[in-house]
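**Q** This is the content of run.cif (mmCIF, C-alpha atoms):
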data_coords
#
loop_
_atom_site.label_atom_id
_atom_site.label_comp_id
_atom_site.auth_asym_id
_atom_site.auth_seq_id
_atom_site.Cartn_x
_atom_site.Cartn_y
_atom_site.Cartn_z
CA MET C 1 -24.13 -2.57 -30.96
CA ILE C 2 -21.52 -0.50 -29.19
CA SER C 3 -20.25 2.64 -30.90
CA ILE C 4 -16.62 3.55 -30.48
CA THR C 5 -14.28 5.92 -32.26
CA VAL C 6 -10.86 4.47 -32.99
CA ASN C 7 -8.17 6.65 -34.53
CA GLY C 8 -10.82 9.07 -35.70
CA GLN C 9 -12.99 6.44 -37.34
CA HIS C 10 -16.41 5.51 -36.06
CA HIS C 11 -17.17 1.81 -35.57
CA ASP C 12 -20.29 -0.04 -34.46
CA ILE C 13 -19.13 -3.13 -32.65
CA ASP C 14 -21.36 -6.17 -32.29
CA ALA C 15 -19.78 -7.84 -29.28
CA ASP C 16 -20.34 -8.81 -25.67
CA PRO C 17 -20.13 -5.58 -23.61
CA ASN C 18 -17.70 -7.40 -21.32
CA MET C 19 -15.24 -8.13 -24.12
CA PRO C 20 -11.85 -6.53 -23.44
CA LEU C 21 -11.17 -3.52 -25.64
CA LEU C 22 -7.93 -5.21 -26.70
CA TRP C 23 -9.84 -8.07 -28.33
CA VAL C 24 -12.03 -5.62 -30.18
CA LEU C 25 -9.02 -3.70 -31.47
CA ARG C 26 -7.02 -6.74 -32.54
CA ASP C 27 -9.58 -9.38 -33.48
CA ILE C 28 -12.49 -7.32 -34.77
CA LEU C 29 -10.83 -4.18 -36.13
CA GLY C 30 -7.54 -5.82 -37.09
CA LEU C 31 -5.40 -3.21 -35.37
CA THR C 32 -2.64 -5.55 -34.26
CA GLY C 33 -0.06 -2.93 -33.31
CA THR C 34 -1.40 -3.13 -29.75
CA LYS C 35 -0.12 -6.30 -28.06
CA PHE C 36 -1.44 -8.80 -25.55
CA GLY C 37 1.13 -9.25 -22.80
CA CYS C 38 -0.18 -10.39 -19.42
CA GLY C 39 -3.93 -9.88 -19.59
CA ALA C 40 -3.89 -8.51 -16.06
CA ALA C 41 -2.86 -4.85 -16.41
CA GLN C 42 0.59 -5.62 -15.12
CA CYS C 43 2.87 -5.19 -18.14
CA GLY C 44 1.61 -2.27 -20.23
CA ALA C 45 1.95 -3.93 -23.66
CA CYS C 46 -1.74 -3.27 -24.43
CA THR C 47 -1.68 0.46 -23.59
CA VAL C 48 -3.94 2.63 -25.76
CA HIS C 49 -5.42 6.08 -25.23
CA LEU C 50 -9.01 6.28 -24.02
CA ASN C 51 -9.96 9.96 -24.09
CA GLY C 52 -6.26 10.71 -23.82
CA GLU C 53 -5.53 8.46 -20.84
CA ALA C 54 -3.13 5.52 -21.16
CA VAL C 55 -5.53 2.70 -20.30
CA ARG C 56 -4.63 -0.99 -20.30
CA SER C 57 -6.93 -2.34 -22.95
CA CYS C 58 -6.68 -5.96 -21.76
CA VAL C 59 -8.76 -5.18 -18.65
CA THR C 60 -10.84 -2.33 -20.09
CA LYS C 61 -14.21 -3.66 -21.15
CA ILE C 62 -15.66 -2.47 -24.42
CA ASN C 63 -18.68 -1.00 -22.62
CA ARG C 64 -16.36 1.46 -20.82
CA ALA C 65 -15.18 2.63 -24.24
CA ALA C 66 -18.72 3.06 -25.63
CA GLY C 67 -19.08 6.49 -27.21
CA GLN C 68 -15.49 7.31 -26.27
CA ASN C 69 -12.45 8.25 -28.25
CA ILE C 70 -9.70 5.65 -28.60
CA VAL C 71 -6.28 6.12 -30.13
CA THR C 72 -3.97 3.18 -30.82
CA ILE C 73 -0.36 3.16 -31.98
CA GLU C 74 -1.68 3.12 -35.56
CA GLY C 75 -3.41 6.45 -34.96
CA LEU C 76 -0.78 8.25 -32.92
CA SER C 77 0.39 10.22 -35.97
CA ASP C 78 -0.48 10.49 -39.65
CA ASN C 79 2.83 9.26 -41.04
CA ASN C 80 4.63 7.64 -38.13
CA ASN C 81 6.03 11.09 -37.50
CA HIS C 82 5.11 11.71 -33.89
CA PRO C 83 8.29 12.99 -32.18
CA LEU C 84 8.37 9.81 -30.13
CA GLN C 85 8.21 7.62 -33.23
CA LEU C 86 10.98 9.63 -34.89
CA ALA C 87 13.14 9.46 -31.78
CA TRP C 88 12.42 5.76 -31.38
CA ASN C 89 13.60 5.17 -34.92
CA GLU C 90 16.65 7.32 -34.59
CA ILE C 91 17.87 5.63 -31.43
CA SER C 92 16.71 2.15 -32.50
CA VAL C 93 14.99 1.63 -29.19
CA PRO C 94 13.28 -1.74 -29.75
CA GLN C 95 14.99 -5.06 -29.43
CA CYS C 96 12.22 -7.64 -29.87
CA GLY C 97 9.70 -4.82 -30.08
CA TYR C 98 6.77 -6.52 -28.42
CA CYS C 99 6.27 -3.95 -25.65
CA GLN C 100 7.13 -0.91 -27.73
CA SER C 101 3.74 0.27 -28.90
CA GLY C 102 2.62 0.31 -25.27
CA GLN C 103 5.80 2.13 -24.28
CA ILE C 104 5.23 4.81 -26.91
CA MET C 105 1.57 5.28 -25.99
CA SER C 106 2.52 5.77 -22.33
CA ALA C 107 5.37 8.12 -23.25
CA ALA C 108 2.95 10.18 -25.36
CA VAL C 109 0.80 10.88 -22.30
CA LEU C 110 3.90 11.86 -20.32
CA LEU C 111 5.08 14.32 -23.00
CA ARG C 112 1.63 15.82 -23.40
CA GLU C 113 1.46 16.60 -19.69
CA ASN C 114 5.14 17.35 -19.17
CA PRO C 115 6.94 18.51 -22.34
CA ASN C 116 10.35 18.49 -20.63
CA PRO C 117 10.44 15.50 -18.32
CA THR C 118 13.39 14.72 -16.06
CA ASP C 119 14.75 11.20 -15.65
CA GLN C 120 12.65 10.93 -12.51
CA ASP C 121 9.50 12.02 -14.36
CA ILE C 122 10.21 9.40 -17.02
CA ASP C 123 10.72 6.69 -14.42
CA ASP C 124 7.50 7.69 -12.67
CA ALA C 125 5.47 7.70 -15.87
CA MET C 126 6.94 4.63 -17.55
CA SER C 127 7.13 2.24 -14.63
CA GLY C 128 3.90 0.54 -15.63
CA ASN C 129 5.40 -0.60 -18.93
CA ILE C 130 7.72 -3.56 -18.71
CA CYS C 131 10.37 -4.39 -21.34
CA ARG C 132 11.67 -7.93 -21.10
CA CYS C 133 14.64 -7.06 -23.33
CA GLY C 134 15.60 -4.31 -20.91
CA THR C 135 15.65 -1.41 -23.35
CA TYR C 136 14.91 1.04 -20.58
CA GLN C 137 17.98 3.22 -21.10
CA ARG C 138 17.17 3.66 -24.77
CA ILE C 139 13.51 4.35 -23.97
CA ARG C 140 14.61 7.08 -21.59
CA SER C 141 17.03 8.58 -24.15
CA ALA C 142 14.36 8.52 -26.85
CA ILE C 143 11.86 10.32 -24.63
CA HIS C 144 14.43 13.03 -23.94
CA LYS C 145 15.14 13.24 -27.67
CA ALA C 146 11.45 13.48 -28.54
CA ALA C 147 11.02 16.19 -25.91
CA ALA C 148 13.83 18.17 -27.54
CA MET C 149 12.28 17.68 -30.99
CA GLN C 150 8.97 19.23 -30.07
CA PRO C 151 8.55 22.76 -31.28
CA GLU C 152 8.06 25.20 -28.45
CA GLY C 153 4.62 24.87 -26.94
CA ALA C 154 3.55 22.12 -29.32
CA LYS C 155 0.63 20.05 -28.18
CA LEU C 156 1.13 16.37 -28.65
CA MET F 157 -70.61 19.08 35.36
CA LYS F 158 -70.11 15.35 34.94
CA LYS F 159 -70.01 15.89 31.18
CA VAL F 160 -67.27 18.47 31.48
CA ILE F 161 -65.17 16.15 33.67
CA ALA F 162 -65.68 13.26 31.25
CA ILE F 163 -64.71 15.36 28.23
CA SER F 164 -61.60 16.77 29.89
CA LEU F 165 -60.62 13.25 31.04
CA ILE F 166 -60.90 11.98 27.47
CA ALA F 167 -58.87 14.93 26.22
CA VAL F 168 -56.12 14.27 28.77
CA ILE F 169 -55.98 10.55 27.91
CA ALA F 170 -55.92 11.30 24.20
CA GLY F 171 -53.09 13.75 24.80
CA LEU F 172 -51.09 11.21 26.78
CA VAL F 173 -51.60 8.53 24.12
CA THR F 174 -50.42 10.93 21.43
CA LEU F 175 -47.34 11.82 23.44
CA SER F 176 -46.49 8.18 23.99
CA PHE F 177 -46.14 7.70 20.24
CA ARG F 178 -43.42 10.31 20.01
CA THR F 179 -40.18 8.42 19.70
CA GLU F 180 -37.79 11.22 18.78
CA SER F 181 -36.46 13.54 21.41
CA THR F 182 -36.98 17.21 20.74
CA LYS F 183 -33.25 17.94 20.70
CA LYS F 184 -31.94 16.61 17.40
CA THR F 185 -28.37 15.53 16.85
CA ASN F 186 -26.88 13.91 13.82
CA TYR F 187 -25.55 11.03 15.86
CA PRO F 188 -26.98 9.20 18.86
CA SER F 189 -26.02 10.97 22.02
CA SER F 190 -25.74 9.21 25.30
CA VAL F 191 -23.93 9.70 28.52
CA LYS F 192 -20.21 10.27 28.17
CA ASP F 193 -18.26 7.16 28.97
CA SER F 194 -14.56 7.27 28.26
CA VAL F 195 -14.00 3.57 28.89
CA GLY F 196 -16.86 2.51 26.60
CA SER F 197 -15.85 5.08 23.97
CA VAL F 198 -12.24 3.92 23.86
CA LYS F 199 -13.34 0.29 23.77
CA ALA F 200 -15.48 1.01 20.71
CA PHE F 201 -12.62 2.83 19.03
CA MET F 202 -10.33 -0.16 19.55
CA SER F 203 -12.66 -2.16 17.26
CA VAL F 204 -12.77 0.66 14.74
CA TYR F 205 -8.98 0.84 14.76
CA LYS F 206 -8.68 -2.86 13.94
CA VAL F 207 -10.81 -2.33 10.84
CA LEU F 208 -9.03 0.83 9.68
CA MET F 209 -5.64 -0.85 10.04
CA SER F 210 -6.72 -3.91 8.06
CA ALA F 211 -5.29 -4.24 4.58
CA ARG F 212 -8.49 -3.28 2.75
CA CYS F 213 -8.54 0.12 4.46
CA MET F 214 -4.89 0.88 5.17
CA ASN F 215 -3.54 -0.02 1.73
CA CYS F 216 -5.04 3.18 0.37
CA HIS F 217 -4.09 5.24 3.44
CA PRO F 218 -0.31 4.68 3.29
CA SER F 219 2.33 6.77 5.04
CA GLY F 220 4.31 7.21 1.82
CA ASP F 221 3.29 8.38 -1.63
CA ALA F 222 2.72 4.90 -3.03
CA PRO F 223 -0.37 2.77 -2.46
CA LEU F 224 0.04 -0.63 -0.80
CA GLN F 225 -1.09 -4.03 -1.99
CA GLY F 226 -2.00 -7.36 -0.50
CA ASP F 227 -2.64 -8.56 3.03
CA ASP F 228 1.06 -7.96 3.78
CA ASN F 229 0.74 -4.28 2.80
CA HIS F 230 3.63 -4.35 0.36
CA ILE F 231 4.27 -1.27 -1.79
CA HIS F 232 2.25 -1.27 -5.02
CA ALA F 233 4.16 -2.81 -7.92
CA MET F 234 5.00 -0.57 -10.90
CA ASN F 235 6.22 2.35 -8.80
CA ILE F 236 2.73 3.85 -8.59
CA LYS F 237 2.62 7.40 -7.17
CA ARG F 238 -0.16 9.30 -5.45
CA GLY F 239 -0.12 12.45 -7.61
CA THR F 240 -1.71 15.69 -6.44
CA ASP F 241 -5.29 14.48 -6.77
CA GLY F 242 -4.53 11.01 -5.37
CA LYS F 243 -5.38 9.37 -8.69
CA GLY F 244 -1.87 8.73 -9.95
CA ILE F 245 0.30 10.55 -12.48
CA TYR F 246 0.93 10.68 -16.24
CA SER F 247 0.44 7.27 -17.82
CA VAL F 248 0.04 5.51 -14.48
CA ARG F 249 -3.30 6.91 -13.37
CA CYS F 250 -5.33 4.58 -11.12
CA SER F 251 -8.20 4.25 -13.57
CA ASN F 252 -5.86 3.19 -16.37
CA CYS F 253 -5.92 -0.28 -14.80
CA HIS F 254 -8.57 -0.11 -12.06
CA GLN F 255 -12.02 -0.22 -13.63
CA ALA F 256 -15.36 0.86 -12.20
CA GLU F 257 -15.72 -2.66 -10.79
CA ASN F 258 -13.41 -5.49 -9.76
CA THR F 259 -11.84 -7.34 -12.65
CA ALA F 260 -12.61 -11.02 -12.10
CA GLY F 261 -9.85 -13.43 -11.14
CA LEU F 262 -6.97 -13.79 -8.71
CA HIS F 263 -4.41 -10.96 -8.82
CA MET F 264 -6.53 -8.94 -11.23
CA PRO F 265 -7.00 -5.23 -10.56
CA PRO F 266 -9.75 -4.48 -8.06
CA GLY F 267 -11.97 -1.59 -9.02
CA ASN F 268 -14.37 1.14 -8.06
CA LEU F 269 -15.38 4.38 -9.78
CA LYS F 270 -13.67 6.40 -7.05
CA TRP F 271 -10.49 4.29 -6.93
CA GLY F 272 -7.58 6.32 -5.58
CA LEU F 273 -5.65 7.53 -2.57
CA PRO F 274 -6.45 10.60 -0.52
CA PRO F 275 -5.07 13.68 -2.32
CA ALA F 276 -1.59 15.04 -1.62
CA ASN F 277 -2.90 17.98 0.42
CA MET F 278 -5.06 15.76 2.67
CA ARG F 279 -3.20 12.49 2.97
CA MET F 280 -5.23 10.96 5.81
CA VAL F 281 -2.49 8.49 6.70
CA PHE F 282 -3.48 5.37 8.67
CA GLN F 283 -0.26 3.40 8.27
CA GLY F 284 1.95 3.67 11.34
CA ARG F 285 -0.57 5.67 13.38
CA THR F 286 -1.11 4.57 16.99
CA ARG F 287 -4.67 4.23 18.33
CA HIS F 288 -4.23 7.55 20.09
CA GLN F 289 -2.94 9.33 16.98
CA LEU F 290 -5.53 7.89 14.62
CA ALA F 291 -8.44 8.75 16.90
CA LEU F 292 -7.33 12.37 17.17
CA GLN F 293 -6.65 12.55 13.43
CA LEU F 294 -10.10 11.20 12.55
CA LEU F 295 -11.75 13.82 14.73
CA ASP F 296 -9.73 16.76 13.39
CA PRO F 297 -11.45 18.37 10.37
CA LYS F 298 -8.07 19.74 9.29
CA GLN F 299 -6.82 16.17 8.92
CA ASN F 300 -9.97 14.23 8.09
CA GLY F 301 -11.07 15.99 4.92
CA GLY F 302 -13.12 18.64 6.73
CA ARG F 303 -15.63 16.18 8.13
CA THR F 304 -17.86 16.71 11.13
CA LYS F 305 -18.51 13.72 13.36
CA ALA F 306 -21.78 13.13 11.55
CA GLN F 307 -20.01 13.21 8.20
CA LEU F 308 -17.39 10.81 9.54
CA ILE F 309 -20.15 8.33 10.39
CA ASP F 310 -21.73 8.89 7.00
CA HIS F 311 -18.38 8.28 5.27
CA MET F 312 -17.94 4.94 7.05
CA ALA F 313 -21.57 3.97 6.52
CA ASN F 314 -22.26 5.12 2.97
CA ASP F 315 -19.16 5.99 0.98
CA ASP F 316 -18.95 3.79 -2.08
CA LEU F 317 -15.18 3.34 -2.06
CA VAL F 318 -15.19 2.53 1.67
CA GLY F 319 -17.86 -0.06 0.88
CA TRP F 320 -15.53 -1.73 -1.62
CA ALA F 321 -13.57 -3.10 1.36
CA TRP F 322 -16.41 -5.57 1.94
CA HIS F 323 -16.57 -6.59 -1.73
CA PRO F 324 -12.86 -6.68 -2.51
CA GLY F 325 -12.87 -9.32 -5.22
CA ASP F 326 -11.16 -12.66 -5.53
CA GLY F 327 -8.43 -13.60 -3.08
CA ARG F 328 -8.61 -10.58 -0.79
CA THR F 329 -9.45 -10.91 2.91
CA LEU F 330 -12.27 -8.90 4.45
CA PRO F 331 -11.91 -6.39 7.29
CA PRO F 332 -12.33 -7.97 10.75
CA LEU F 333 -15.84 -6.51 11.27
CA THR F 334 -18.81 -6.33 8.92
CA ARG F 335 -19.66 -2.86 7.70
CA PRO F 336 -22.77 -2.50 9.91
CA ALA F 337 -20.73 -3.68 12.91
CA LEU F 338 -18.03 -1.12 12.11
CA VAL F 339 -20.57 1.67 11.79
CA ALA F 340 -22.17 0.64 15.08
CA GLN F 341 -18.78 0.88 16.80
CA VAL F 342 -18.06 4.27 15.21
CA ARG F 343 -21.43 5.55 16.42
CA LEU F 344 -20.79 4.18 19.88
CA TRP F 345 -17.31 5.71 19.99
CA ILE F 346 -18.72 9.13 19.13
CA ALA F 347 -21.90 8.85 21.19
CA LYS F 348 -19.94 8.04 24.31
CA GLY F 349 -17.79 11.12 23.90
CA ALA F 350 -15.34 10.33 21.05
CA TYR F 351 -12.48 9.71 23.43
CA ALA F 352 -9.04 8.87 22.07
CA PRO F 353 -7.23 5.94 23.64
CA SER F 354 -4.40 6.98 25.92
CA ALA F 355 -1.10 7.71 24.21
CA LYS F 356 0.34 4.87 26.27
CA ALA F 357 -2.23 2.33 25.01
CA LYS F 358 -0.71 -0.27 22.75
#
Here is the file; what I need is its structure written in the form of structure tokens.
**A**
Amino acid sequence: MISITVNGQHHDIDADPNMPLLWVLRDILGLTGTKFGCGAAQCGACTVHLNGEAVRSCVTKINRAAGQNIVTIEGLSDNNNHPLQLAWNEISVPQCGYCQSGQIMSAAVLLRENPNPTDQDIDDAMSGNICRCGTYQRIRSAIHKAAAMQPEGAKL
Amino acid sequence: MKKVIAISLIAVIAGLVTLSFRTESTKKTNYPSSVKDSVGSVKAFMSVYKVLMSARCMNCHPSGDAPLQGDDNHIHAMNIKRGTDGKGIYSVRCSNCHQAENTAGLHMPPGNLKWGLPPANMRMVFQGRTRHQLALQLLDPKQNGGRTKAQLIDHMANDDLVGWAWHPGDGRTLPPLTRPALVAQVRLWIAKGAYAPSAKAK
């Protein structure tokens, strides 16, 4: 049994310690907001937070997550009201939407560490998340919008 | 009288036998010292240089702020940046993809617990350095991470991330020397005087 905390809830997982965290999240816990893209940490679709870092869950084995704190897109906010989610909605960022939960999880780390990112900061932080529809301009606008929405000094 | 001579003879022989078992010299150094030999020293460094400039070593000692990938030393995909601590920035930290061990399969992320570049304030660049420049840089504590010669040898011989180069995972070529052979050449280079190849040497 491997104990993990996902979105604040404790789970005991009966699985091979080498199983990718992504499989645990999707197939065992049913949290399907996180997507499988490439399976090789090259696209960012499977990005979740492991102790606050934007790890690629397709190559992160469940034993690395043992006893750790995981947040998925489902747990990013209580009512889909994280500034990024609000901004994403407002600007209608997604086209097909497949990469978007990974995009938002990466953007959340950026905003936590840099509440007022420049275009360059956004490019640097988001370059590990690929969008096949090419929504990059809207992603960038939404991150700026979310940054503006945050109350002064708010911790994301 | 005869007894006294016999006893002292035995004592002397015992003393000599004891001395003959001493292998260490009284003067201790952290690395083997031998006679200075600039030709031999430079020759050893040439072998060291070949290893340090191989993809497994140089890809994480780039001249820019992005790591390199592959045997052709191309810039790391995904616009990866060094960051101040050498471990990446924001949502593209090294350990977000690189695990504590290699991920199995071709083109999968290699891994090590210490995965990363040298930090921004101690970049330890190999890429583009001539033999002359790299030798001087390796010997300069201000440019080598504050290492003495003994610590330099220890880094090559025992550092876990350095050791990854010889267990790089599927599809990656190995450095041109084995690790023990590299360490032997580093020791030789230093023991013979740690000479840098001439600035004119190609």
**Q** What does the PyMOL selection byres ((chain F) within 9 of (chain C)) select in this file, as a PyMOL selection string?
**A** chain F and resi 233-237+245-249+251-256+259+263-265
**Q** Restricting the output to C-alpha atoms, write the selected residues as a short mmCIF file (atom, residue, chain, number, x, y, z; two decimals), in the coordinates of the input.
**A**
data_model
loop_
_atom_site.label_atom_id
_atom_site.label_comp_id
_atom_site.auth_asym_id
_atom_site.auth_seq_id
_atom_site.Cartn_x
_atom_site.Cartn_y
_atom_site.Cartn_z
CA ALA F 233 4.16 -2.81 -7.92
CA MET F 234 5.00 -0.57 -10.90
CA ASN F 235 6.22 2.35 -8.80
CA ILE F 236 2.73 3.85 -8.59
CA LYS F 237 2.62 7.40 -7.17
CA ILE F 245 0.30 10.55 -12.48
CA TYR F 246 0.93 10.68 -16.24
CA SER F 247 0.44 7.27 -17.82
CA VAL F 248 0.04 5.51 -14.48
CA ARG F 249 -3.30 6.91 -13.37
CA SER F 251 -8.20 4.25 -13.57
CA ASN F 252 -5.86 3.19 -16.37
CA CYS F 253 -5.92 -0.28 -14.80
CA HIS F 254 -8.57 -0.11 -12.06
CA GLN F 255 -12.02 -0.22 -13.63
CA ALA F 256 -15.36 0.86 -12.20
CA THR F 259 -11.84 -7.34 -12.65
CA HIS F 263 -4.41 -10.96 -8.82
CA MET F 264 -6.53 -8.94 -11.23
CA PRO F 265 -7.00 -5.23 -10.56
#
**Q** Report as an mmCIF file with C-alpha atoms, in the coordinates of the input the full result of the PyMOL selection byres ((chain C and resi 22-35) around 6) when it is applied to this structure.
**A**
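The new file part-v5.cif reads:
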data_model
loop_
_atom_site.group_PDB
_atom_site.id
_atom_site.type_symbol
_atom_site.label_atom_id
_atom_site.label_comp_id
_atom_site.auth_asym_id
_atom_site.auth_seq_id
_atom_site.Cartn_x
_atom_site.Cartn_y
_atom_site.Cartn_z
ATOM 1 C CA PRO C 20 -11.850 -6.530 -23.440
ATOM 2 C CA LEU C 21 -11.170 -3.520 -25.640
ATOM 3 C CA PHE C 36 -1.440 -8.800 -25.550
ATOM 4 C CA ALA C 45 1.950 -3.930 -23.660
ATOM 5 C CA CYS C 46 -1.740 -3.270 -24.430
ATOM 6 C CA SER C 57 -6.930 -2.340 -22.950
ATOM 7 C CA CYS C 58 -6.680 -5.960 -21.760
#
**Q** Apply the PyMOL selection byres ((chain F and resi 299-308) around 12) to the structure shown and report the selected residues as number ranges by chain.
**A** F: 185-189, 217, 274-282, 289-298, 309-315, 318, 339, 342-347, 349-350
**Q** Counting only C-alpha atoms, which of C:Ser101, C:Ser3, C:Gly37, C:Thr135 gets nearest to Ile70 (chain C)?
**A**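 For Ile70 (chain C), the nearest of the given residues is C:Ser3.
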**Q** Which of these, C:Ile2, C:Thr72, C:Ile62, C:Asn89, has the shortest distance to Ser141 (chain C) once you count only C-alpha atoms?
**A** C:Asn89
**Q** Using CA of Tyr136 (chain C) and CA of Gln100 (chain C) as the two end points, give the distance in Å to one decimal.
**A**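 CA of Gln100 (chain C) lies at a distance of 10.7 Å from CA of Tyr136 (chain C).
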**Q** Give me the residues within 12 Å of Gly8 (chain C) as a list in words, counting only C-alpha atoms and dropping any in the same chain fewer than 2 places off.
**A**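 Skipping anything fewer than 2 positions along the chain leaves Ile4, Thr5, Val6, His10, His11, Asn51, Gln68, Asn69, Ile70, Val71, Thr72, Glu74, Gly75, Leu76, Ser77 and Asp78 of chain C.
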**Q** So, with all atoms listed in the file as the atoms that count, which of C:Ala66, C:Met1, C:Cys131, C:Asp16 lies closest to Val93 (chain C)?
**A**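 Smallest distance to Val93 (chain C) is found for C:Cys131.
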**Q** Taking (-3.5, 1.5, 5.4) in the coordinates of the supplied file, I want to know which residues reach to within 10 Å of it, counting only C-alpha atoms; could you give the answer as number ranges by chain?
**A** F: 207-219, 223-225, 229, 280-285
**Q** Around (-9.9, -9.9, 0.0) in the file's own coordinates, what residues are found within 9 Å if you use only C-alpha atoms, given back as a ChimeraX atom specification?
**A** /F:211-212,226-227,321-331
**Q** Selection from above, C-alpha atoms, as a short mmCIF file (atom, residue, chain, number, x, y, z; two decimals), in the coordinates of the input, can you write it?
**A**
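Wrote it out as out-v9.cif, contents follow:
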data_model
loop_
_atom_site.label_atom_id
_atom_site.label_comp_id
_atom_site.auth_asym_id
_atom_site.auth_seq_id
_atom_site.Cartn_x
_atom_site.Cartn_y
_atom_site.Cartn_z
CA ALA F 211 -5.29 -4.24 4.58
CA ARG F 212 -8.49 -3.28 2.75
CA GLY F 226 -2.00 -7.36 -0.50
CA ASP F 227 -2.64 -8.56 3.03
CA ALA F 321 -13.57 -3.10 1.36
CA TRP F 322 -16.41 -5.57 1.94
CA HIS F 323 -16.57 -6.59 -1.73
CA PRO F 324 -12.86 -6.68 -2.51
CA GLY F 325 -12.87 -9.32 -5.22
CA ASP F 326 -11.16 -12.66 -5.53
CA GLY F 327 -8.43 -13.60 -3.08
CA ARG F 328 -8.61 -10.58 -0.79
CA THR F 329 -9.45 -10.91 2.91
CA LEU F 330 -12.27 -8.90 4.45
CA PRO F 331 -11.91 -6.39 7.29
#
**Q** Using Å and a single decimal, report how far CA of Gln150 (chain C) sits from CA of Ala87 (chain C).
**A**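 Result for CA of Ala87 (chain C) versus CA of Gln150 (chain C): 10.8 Å, one decimal.
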**Q** Would you place a box with edges along x, y and z of the file around all atoms of region 74-90 of chain C listed there, add 3 Å to each of its six sides, and report the centre and edge lengths in Å to one decimal, as lines of an AutoDock Vina configuration file?
**A**
center_x = 6.6
center_y = 8.1
center_z = -35.6
size_x = 26.1
size_y = 15.9
size_z = 16.9
**Q** So that I can check the surroundings of Lys348 (chain F), please list as a list in words every protein, DNA and RNA residue that reaches within 7 Å of it, counting all atoms listed in the file and ignoring chain neighbours fewer than 5 positions away.
**A**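 Using all atoms listed in the file, the neighbours found are Ser190, Val191, Lys192, Asp193, Ser194, Gly196 and Ser197 of chain F.
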**Q** Restricting the calculation to only C-alpha atoms, which member of C:Ala146, C:Ile13, C:Ile104, C:Cys99 is positioned closest to Pro83 (chain C)?
**A**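 Selected residue with least distance to Pro83 (chain C): C:Ala146.
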**Q** Could you state the separation of CA of Ala352 (chain F) and CA of Trp271 (chain F) in Å, given to one decimal place?
**A** 29.4 Å
